Structure formats: C-alpha cells, structure tokens
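Asker: Data file run21.pdb (PDB, C-alpha atoms, pLDDT in the B column) is appended below.
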```pdb
ATOM      1  CA  MET A   1       0.000   0.000   0.000  1.00 65.00           C
ATOM      2  CA  SER A   2       2.804   2.409   0.821  1.00 74.00           C
ATOM      3  CA  ASP A   3       4.312   1.787  -2.639  1.00 76.00           C
ATOM      4  CA  LEU A   4       1.005   2.755  -4.223  1.00 71.00           C
ATOM      5  CA  LEU A   5       0.772   5.824  -1.999  1.00 69.00           C
ATOM      6  CA  ASN A   6       4.334   6.885  -2.900  1.00 71.00           C
ATOM      7  CA  ARG A   7       3.538   6.538  -6.612  1.00 74.00           C
ATOM      8  CA  ALA A   8       0.361   8.586  -6.225  1.00 70.00           C
ATOM      9  CA  ILE A   9       2.205  11.331  -4.362  1.00 74.00           C
ATOM     10  CA  GLY A  10       4.981  11.316  -6.998  1.00 71.00           C
ATOM     11  CA  PHE A  11       2.346  11.484  -9.723  1.00 70.00           C
ATOM     12  CA  ILE A  12       0.660  14.473  -8.049  1.00 75.00           C
ATOM     13  CA  TYR A  13       3.983  16.299  -7.532  1.00 73.00           C
ATOM     14  CA  GLY A  14       4.906  15.612 -11.168  1.00 73.00           C
ATOM     15  CA  TYR A  15       1.694  17.166 -12.465  1.00 76.00           C
ATOM     16  CA  GLN A  16       2.023  20.022 -10.007  1.00 77.00           C
ATOM     17  CA  THR A  17       5.548  20.743 -11.324  1.00 80.00           C
ATOM     18  CA  ILE A  18       4.294  20.653 -14.918  1.00 78.00           C
ATOM     19  CA  LEU A  19       1.400  22.975 -14.033  1.00 77.00           C
ATOM     20  CA  VAL A  20       3.727  25.460 -12.313  1.00 75.00           C
ATOM     21  CA  GLY A  21       6.038  25.335 -15.341  1.00 80.00           C
ATOM     22  CA  LEU A  22       3.152  26.006 -17.737  1.00 78.00           C
ATOM     23  CA  VAL A  23       1.967  28.957 -15.645  1.00 79.00           C
ATOM     24  CA  ALA A  24       5.510  30.395 -15.651  1.00 78.00           C
ATOM     25  CA  VAL A  25       5.731  30.051 -19.450  1.00 78.00           C
ATOM     26  CA  PHE A  26       2.296  31.675 -19.827  1.00 78.00           C
ATOM     27  CA  ILE A  27       3.310  34.612 -17.642  1.00 75.00           C
ATOM     28  CA  TYR A  28       6.573  35.032 -19.577  1.00 73.00           C
ATOM     29  CA  PHE A  29       4.841  35.180 -22.961  1.00 70.00           C
ATOM     30  CA  GLN A  30       2.102  37.445 -21.604  1.00 73.00           C
ATOM     31  CA  GLY A  31       4.752  39.863 -20.285  1.00 71.00           C
ATOM     32  CA  ARG A  32       6.524  39.810 -23.634  1.00 72.00           C
ATOM     33  CA  ARG A  33       3.224  40.521 -25.404  1.00 74.00           C
ATOM     34  CA  ASP A  34       2.579  43.425 -23.034  1.00 78.00           C
ATOM     35  CA  SER A  35       6.064  44.804 -23.767  1.00 85.00           C
ATOM     36  CA  ARG A  36       5.319  44.709 -27.520  1.00 89.00           C
ATOM     37  CA  LYS A  37       1.978  46.372 -26.923  1.00 92.00           C
ATOM     38  CA  ASP A  38       3.495  49.167 -24.816  1.00 92.00           C
ATOM     39  CA  ALA A  39       6.352  49.694 -27.287  1.00 93.00           C
ATOM     40  CA  ALA A  40       3.887  49.919 -30.186  1.00 94.00           C
ATOM     41  CA  LYS A  41       1.851  52.565 -28.319  1.00 95.00           C
ATOM     42  CA  LEU A  42       4.974  54.600 -27.558  1.00 95.00           C
ATOM     43  CA  ILE A  43       6.277  54.394 -31.133  1.00 96.00           C
ATOM     44  CA  LEU A  44       2.900  55.517 -32.502  1.00 96.00           C
ATOM     45  CA  GLN A  45       2.905  58.474 -30.105  1.00 96.00           C
ATOM     46  CA  GLU A  46       6.412  59.441 -31.228  1.00 96.00           C
ATOM     47  CA  ILE A  47       5.385  59.231 -34.895  1.00 96.00           C
ATOM     48  CA  ARG A  48       2.273  61.346 -34.278  1.00 96.00           C
ATOM     49  CA  TYR A  49       4.240  63.981 -32.349  1.00 95.00           C
ATOM     50  CA  ALA A  50       7.003  64.254 -34.968  1.00 95.00           C
ATOM     51  CA  ASP A  51       4.455  64.333 -37.803  1.00 94.00           C
ATOM     52  CA  GLN A  52       2.716  67.248 -36.099  1.00 93.00           C
ATOM     53  CA  LYS A  53       5.976  69.187 -35.659  1.00 92.00           C
ATOM     54  CA  VAL A  54       6.901  68.735 -39.331  1.00 92.00           C
ATOM     55  CA  ARG A  55       3.382  69.702 -40.494  1.00 91.00           C
ATOM     56  CA  ASN A  56       3.599  72.849 -38.362  1.00 89.00           C
ATOM     57  CA  TYR A  57       6.917  73.705 -40.033  1.00 88.00           C
ATOM     58  CA  ARG A  58       5.399  73.249 -43.476  1.00 87.00           C
ATOM     59  CA  THR A  59       2.574  75.605 -42.495  1.00 87.00           C
ATOM     60  CA  TYR A  60       4.515  78.284 -40.586  1.00 85.00           C
ATOM     61  CA  SER A  61       8.099  77.824 -41.876  1.00 82.00           C
ATOM     62  CA  SER A  62       9.481  77.765 -38.349  1.00 82.00           C
ATOM     63  CA  TYR A  63      10.562  75.325 -35.663  1.00 82.00           C
ATOM     64  CA  ASN A  64      10.598  75.870 -31.939  1.00 79.00           C
ATOM     65  CA  PHE A  65      14.300  75.316 -31.351  1.00 76.00           C
ATOM     66  CA  THR A  66      13.741  74.493 -27.678  1.00 77.00           C
ATOM     67  CA  GLU A  67      11.623  71.437 -28.561  1.00 84.00           C
ATOM     68  CA  LYS A  68      12.883  68.316 -30.243  1.00 90.00           C
ATOM     69  CA  ILE A  69      11.074  66.812 -33.201  1.00 92.00           C
ATOM     70  CA  LEU A  70      11.741  63.394 -31.714  1.00 93.00           C
ATOM     71  CA  PRO A  71      12.233  63.688 -27.921  1.00 90.00           C
ATOM     72  CA  THR A  72      12.654  59.922 -27.572  1.00 90.00           C
ATOM     73  CA  ASN A  73      13.419  57.210 -30.099  1.00 92.00           C
ATOM     74  CA  SER A  74      11.827  53.942 -29.029  1.00 94.00           C
ATOM     75  CA  TRP A  75      11.985  52.504 -32.515  1.00 96.00           C
ATOM     76  CA  ASN A  76      15.734  51.854 -32.393  1.00 93.00           C
ATOM     77  CA  LYS A  77      15.415  50.031 -29.069  1.00 94.00           C
ATOM     78  CA  ASN A  78      12.324  47.995 -29.982  1.00 95.00           C
ATOM     79  CA  ILE A  79      12.480  47.253 -33.716  1.00 95.00           C
ATOM     80  CA  ASN A  80      13.223  43.605 -32.879  1.00 94.00           C
ATOM     81  CA  LEU A  81       9.734  43.239 -31.363  1.00 93.00           C
ATOM     82  CA  PHE A  82       8.073  43.925 -34.717  1.00 94.00           C
ATOM     83  CA  ILE A  83      10.234  41.973 -37.175  1.00 94.00           C
ATOM     84  CA  ARG A  84       7.568  39.257 -37.542  1.00 92.00           C
ATOM     85  CA  ASP A  85       4.640  41.662 -37.868  1.00 93.00           C
ATOM     86  CA  LEU A  86       5.935  44.163 -40.428  1.00 95.00           C
ATOM     87  CA  THR A  87       7.195  43.653 -43.960  1.00 96.00           C
ATOM     88  CA  GLU A  88      10.680  44.751 -44.954  1.00 96.00           C
ATOM     89  CA  SER A  89       9.323  47.833 -46.712  1.00 95.00           C
ATOM     90  CA  GLU A  90       7.264  48.792 -43.646  1.00 96.00           C
ATOM     91  CA  LEU A  91      10.295  48.372 -41.388  1.00 96.00           C
ATOM     92  CA  ASP A  92      12.328  50.492 -43.815  1.00 96.00           C
ATOM     93  CA  LEU A  93       9.611  53.177 -43.934  1.00 96.00           C
ATOM     94  CA  ILE A  94       9.490  53.531 -40.159  1.00 97.00           C
ATOM     95  CA  SER A  95      13.289  53.364 -39.833  1.00 97.00           C
ATOM     96  CA  LYS A  96      13.708  56.095 -42.454  1.00 96.00           C
ATOM     97  CA  PHE A  97      11.155  58.277 -40.646  1.00 96.00           C
ATOM     98  CA  PHE A  98      12.981  57.961 -37.314  1.00 96.00           C
ATOM     99  CA  SER A  99      16.375  58.441 -38.937  1.00 96.00           C
ATOM    100  CA  SER A 100      15.294  61.611 -40.760  1.00 95.00           C
ATOM    101  CA  ALA A 101      13.568  63.042 -37.690  1.00 95.00           C
ATOM    102  CA  SER A 102      16.661  62.357 -35.544  1.00 95.00           C
ATOM    103  CA  TYR A 103      18.910  64.004 -38.117  1.00 95.00           C
ATOM    104  CA  LEU A 104      16.616  67.034 -38.300  1.00 93.00           C
ATOM    105  CA  ASP A 105      16.874  67.329 -34.513  1.00 93.00           C
ATOM    106  CA  GLU A 106      20.676  67.325 -34.789  1.00 93.00           C
ATOM    107  CA  VAL A 107      20.636  70.013 -37.495  1.00 91.00           C
ATOM    108  CA  ILE A 108      18.226  72.221 -35.538  1.00 88.00           C
ATOM    109  CA  LYS A 109      20.317  71.799 -32.383  1.00 88.00           C
ATOM    110  CA  SER A 110      23.479  72.722 -34.268  1.00 88.00           C
ATOM    111  CA  ILE A 111      21.881  75.838 -35.805  1.00 85.00           C
ATOM    112  CA  SER A 112      20.408  76.832 -32.433  1.00 82.00           C
ATOM    113  CA  ASN A 113      23.807  76.465 -30.745  1.00 83.00           C
ATOM    114  CA  SER A 114      25.427  78.515 -33.493  1.00 82.00           C
ATOM    115  CA  LYS A 115      22.860  81.299 -33.160  1.00 77.00           C
ATOM    116  CA  ASN A 116      23.213  81.264 -29.383  1.00 76.00           C
ATOM    117  CA  GLN A 117      26.995  81.654 -29.726  1.00 77.00           C
ATOM    118  CA  GLU A 118      26.484  84.668 -31.999  1.00 74.00           C
ATOM    119  CA  TRP A 119      24.153  86.336 -29.511  1.00 69.00           C
ATOM    120  CA  ILE A 120      26.034  85.573 -26.308  1.00 68.00           C
ATOM    121  CA  GLN A 121      28.592  88.202 -25.361  1.00 52.00           C
ATOM    122  CA  PRO A 122      31.733  86.937 -23.567  1.00 54.00           C
ATOM    123  CA  ASP A 123      31.478  89.618 -20.863  1.00 52.00           C
ATOM    124  CA  MET A 124      27.814  88.848 -19.983  1.00 49.00           C
ATOM    125  CA  PRO A 125      26.911  86.870 -16.833  1.00 49.00           C
ATOM    126  CA  SER A 126      26.693  83.095 -17.244  1.00 45.00           C
ATOM    127  CA  ILE A 127      22.944  83.087 -16.519  1.00 44.00           C
ATOM    128  CA  ILE A 128      22.303  84.778 -19.848  1.00 42.00           C
ATOM    129  CA  GLY A 129      24.610  82.249 -21.502  1.00 44.00           C
ATOM    130  CA  GLY A 130      21.961  79.550 -20.936  1.00 46.00           C
ATOM    131  CA  THR A 131      19.374  81.341 -23.051  1.00 46.00           C
ATOM    132  CA  GLN A 132      18.314  79.502 -26.174  1.00 48.00           C
ATOM    133  CA  VAL A 133      16.707  80.566 -29.392  1.00 50.00           C
ATOM    134  CA  ALA A 134      13.031  79.657 -29.144  1.00 60.00           C
ATOM    135  CA  VAL A 135      11.052  79.943 -32.370  1.00 65.00           C
ATOM    136  CA  MET A 136      13.076  80.768 -35.425  1.00 63.00           C
ATOM    137  CA  ASP A 137      11.629  81.564 -38.815  1.00 65.00           C
ATOM    138  CA  THR A 138      13.814  79.835 -41.378  1.00 69.00           C
ATOM    139  CA  SER A 139      13.965  83.028 -43.449  1.00 69.00           C
ATOM    140  CA  ALA A 140      16.251  84.439 -40.713  1.00 72.00           C
ATOM    141  CA  LEU A 141      18.802  81.675 -41.358  1.00 78.00           C
ATOM    142  CA  ASN A 142      21.637  81.761 -43.836  1.00 81.00           C
ATOM    143  CA  GLU A 143      20.877  80.102 -47.171  1.00 83.00           C
ATOM    144  CA  PRO A 144      22.717  76.769 -46.624  1.00 85.00           C
ATOM    145  CA  ALA A 145      21.076  76.227 -43.209  1.00 85.00           C
ATOM    146  CA  LYS A 146      17.668  77.162 -44.571  1.00 84.00           C
ATOM    147  CA  LYS A 147      18.027  74.785 -47.528  1.00 87.00           C
ATOM    148  CA  LEU A 148      19.194  71.959 -45.273  1.00 88.00           C
ATOM    149  CA  ILE A 149      16.234  72.285 -42.898  1.00 88.00           C
ATOM    150  CA  GLU A 150      13.791  72.571 -45.786  1.00 88.00           C
ATOM    151  CA  ALA A 151      15.258  69.529 -47.557  1.00 89.00           C
ATOM    152  CA  ILE A 152      15.140  67.345 -44.453  1.00 91.00           C
ATOM    153  CA  SER A 153      11.634  68.528 -43.551  1.00 90.00           C
ATOM    154  CA  LYS A 154      10.350  67.771 -47.051  1.00 89.00           C
ATOM    155  CA  ASP A 155      12.021  64.355 -46.933  1.00 88.00           C
ATOM    156  CA  ILE A 156      10.117  63.319 -43.789  1.00 91.00           C
ATOM    157  CA  GLU A 157       6.967  61.572 -44.968  1.00 90.00           C
ATOM    158  CA  SER A 158       3.912  61.453 -42.773  1.00 92.00           C
ATOM    159  CA  ILE A 159       3.578  57.784 -41.845  1.00 94.00           C
ATOM    160  CA  TYR A 160       0.957  57.960 -39.086  1.00 93.00           C
ATOM    161  CA  ASN A 161      -1.830  56.879 -41.445  1.00 93.00           C
ATOM    162  CA  THR A 162       0.060  54.177 -43.342  1.00 94.00           C
ATOM    163  CA  PRO A 163      -0.415  50.400 -43.233  1.00 95.00           C
ATOM    164  CA  ALA A 164       2.795  50.126 -41.167  1.00 95.00           C
ATOM    165  CA  ALA A 165       1.383  52.413 -38.468  1.00 94.00           C
ATOM    166  CA  ASP A 166      -1.961  50.590 -38.684  1.00 95.00           C
ATOM    167  CA  LYS A 167      -0.187  47.310 -37.862  1.00 95.00           C
ATOM    168  CA  LEU A 168       1.484  48.945 -34.858  1.00 94.00           C
ATOM    169  CA  ARG A 169      -1.925  50.310 -33.828  1.00 94.00           C
ATOM    170  CA  ILE A 170      -3.438  46.802 -33.982  1.00 93.00           C
ATOM    171  CA  ILE A 171      -0.609  45.427 -31.831  1.00 91.00           C
ATOM    172  CA  SER A 172      -1.030  48.257 -29.314  1.00 90.00           C
ATOM    173  CA  GLU A 173      -4.774  47.652 -28.970  1.00 89.00           C
ATOM    174  CA  LYS A 174      -4.736  43.876 -28.430  1.00 82.00           C
ATOM    175  CA  LYS A 175      -6.406  42.797 -25.235  1.00 75.00           C
ATOM    176  CA  SER A 176      -4.365  41.010 -22.593  1.00 65.00           C
ATOM    177  CA  TRP A 177      -6.039  38.222 -20.672  1.00 60.00           C
ATOM    178  CA  TYR A 178      -4.920  37.392 -17.170  1.00 55.00           C
ATOM    179  CA  PHE A 179      -7.325  34.648 -16.252  1.00 49.00           C
ATOM    180  CA  LEU A 180     -10.505  36.747 -15.859  1.00 46.00           C
ATOM    181  CA  TYR A 181      -8.792  40.140 -15.811  1.00 49.00           C
ATOM    182  CA  THR A 182      -8.426  42.052 -19.091  1.00 48.00           C
ATOM    183  CA  ARG A 183      -6.635  45.237 -19.930  1.00 48.00           C
TER     184      ARG A 183
END
```
Show me this structure written as structure tokens.
Answerer:
Amino acid sequence: MSDLLNRAIGFIYGYQTILVGLVAVFIYFQGRRDSRKDAAKLILQEIRYADQKVRNYRTYSSYNFTEKILPTNSWNKNINLFIRDLTESELDLISKFFSSASYLDEVIKSISNSKNQEWIQPDMPSIIGGTQVAVMDTSALNEPAKKLIEAISKDIESIYNTPAADKLRIISEKKSWYFLYTR
C-alpha cells in the first residue's frame, strides 16, 4: 500500500511541477506581449508627435528650437519586437522616418547652438549664456542652413496613417487576458 501511496504522491507532484512550469511560461509570454503592446503605443505616439511638428513647419516655416522633433526614439530600441509583424518595406519606412527626424533634430540643435553663440557676449553673466533661441523663422537663417532644414523637412513623410502604423496600432490595442482580468 505504501508503494502505491508513494507513486500517487509522486504522480501528483509531477503534475504540479508541470502545471507550475506552464503557468511560468504563460506569464513570460504574456509579459513579452505586453512589452510589444506598450512599445507599439509609444512608437505611434512618437510618430504622431514628430508628424505634427513637421506639419507645423510646413505651415509656418518655423521650428521651436527648444523642442525636439523626436524627444525619444523607441523605434531603435524595440524594432526587434516587430520583425515578424511588419514587412521589410514597412520596417524600412518607419526606420527612415525615425532616422530623418533624428537628423533634423541634430541640425536644428546645431543651428540653435550657433545662433546662441552669436548672440552671447563673452562679458555677460553666465545666466544669460543659458538662453536659447526659441522659435526661429527659417527666413532668418543663412541660405545653406535654410536649404538643409527645408530639404530634411520635405524628406520626412507622414507615416501615421500608413499600413505600417496601422499594424502597430493593432498590436497596441490587443487585449491582454490574465485569467478573468483584461486590460
């Protein structure tokens, strides 16, 4: 009888171990899915924000030099999460958008720093030295700088309403199921 009892207990512990392992695997994949979902939401927000800044430039011919076009760049850190969901051309489209927006930020920062250096007098207190150019109409820039900003701005395509962004939107809106709890 004790042999039968030992086998039954071993059988129960074996199934219990398998069940615990399956729950751990489920939680792992659910966490990974949530990470993809959160990354997709963040990337869409970054695209929308940068699109708006570029559209404003095209309307008003000016950038606020104290604000970045792309304050964060989650695409570079999270592209691996979307390799299976997006085609090569969609990945390229989004990568080009982020690359161009990042480069535009670098150009604007460089021009802003240059203008600040022109306006800052060496004998002025250091507090004034921290002042930055806020909104600058591109007509106030020298011709090469103006052409560079215009060329980069025209090169940035609006991708918020493309199939690539739609796929990210679908990923970001998927429901997560934790037993009976959904988010």
Asker: Which one is closest to Arg48 of chain A: A:Leu93, A:Ile69, A:Ile149, A:Ile18? Count only C-alpha atoms.
Answerer: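 Nearest to Arg48 of chain A: A:Ile69.
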Asker: With only C-alpha atoms as the counted atoms, please give the residues lying no more than 10 Å from Tyr57 of chain A, apart from itself and same-chain residues fewer than 3 positions off, as a ChimeraX atom specification.
Answerer: /A:51-54,60-64,137-138,149-150,153-154
Asker: Of the candidates A:Ala145, A:Leu19, A:Ile12, A:Ile79, which one gets nearest to Arg36 of chain A if we count only C-alpha atoms?
Answerer: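 When distances to Arg36 of chain A are compared using only C-alpha atoms, the smallest one comes from A:Ile79.
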Asker: Enumerate, as a PyMOL selection string, the residues matched when the PyMOL selection byres ((chain A and resi 162-177) around 12) is run on the file above.
Answerer: chain A and resi 26-27+29-48+75+78-79+81-95+97+157-161+178-183
Asker: So, with all atoms listed in the file as the atoms that count, which of A:Ile152, A:Ile9, A:Ala50, A:Leu22 lies closest to Ile108 of chain A?
Answerer: A:Ile152
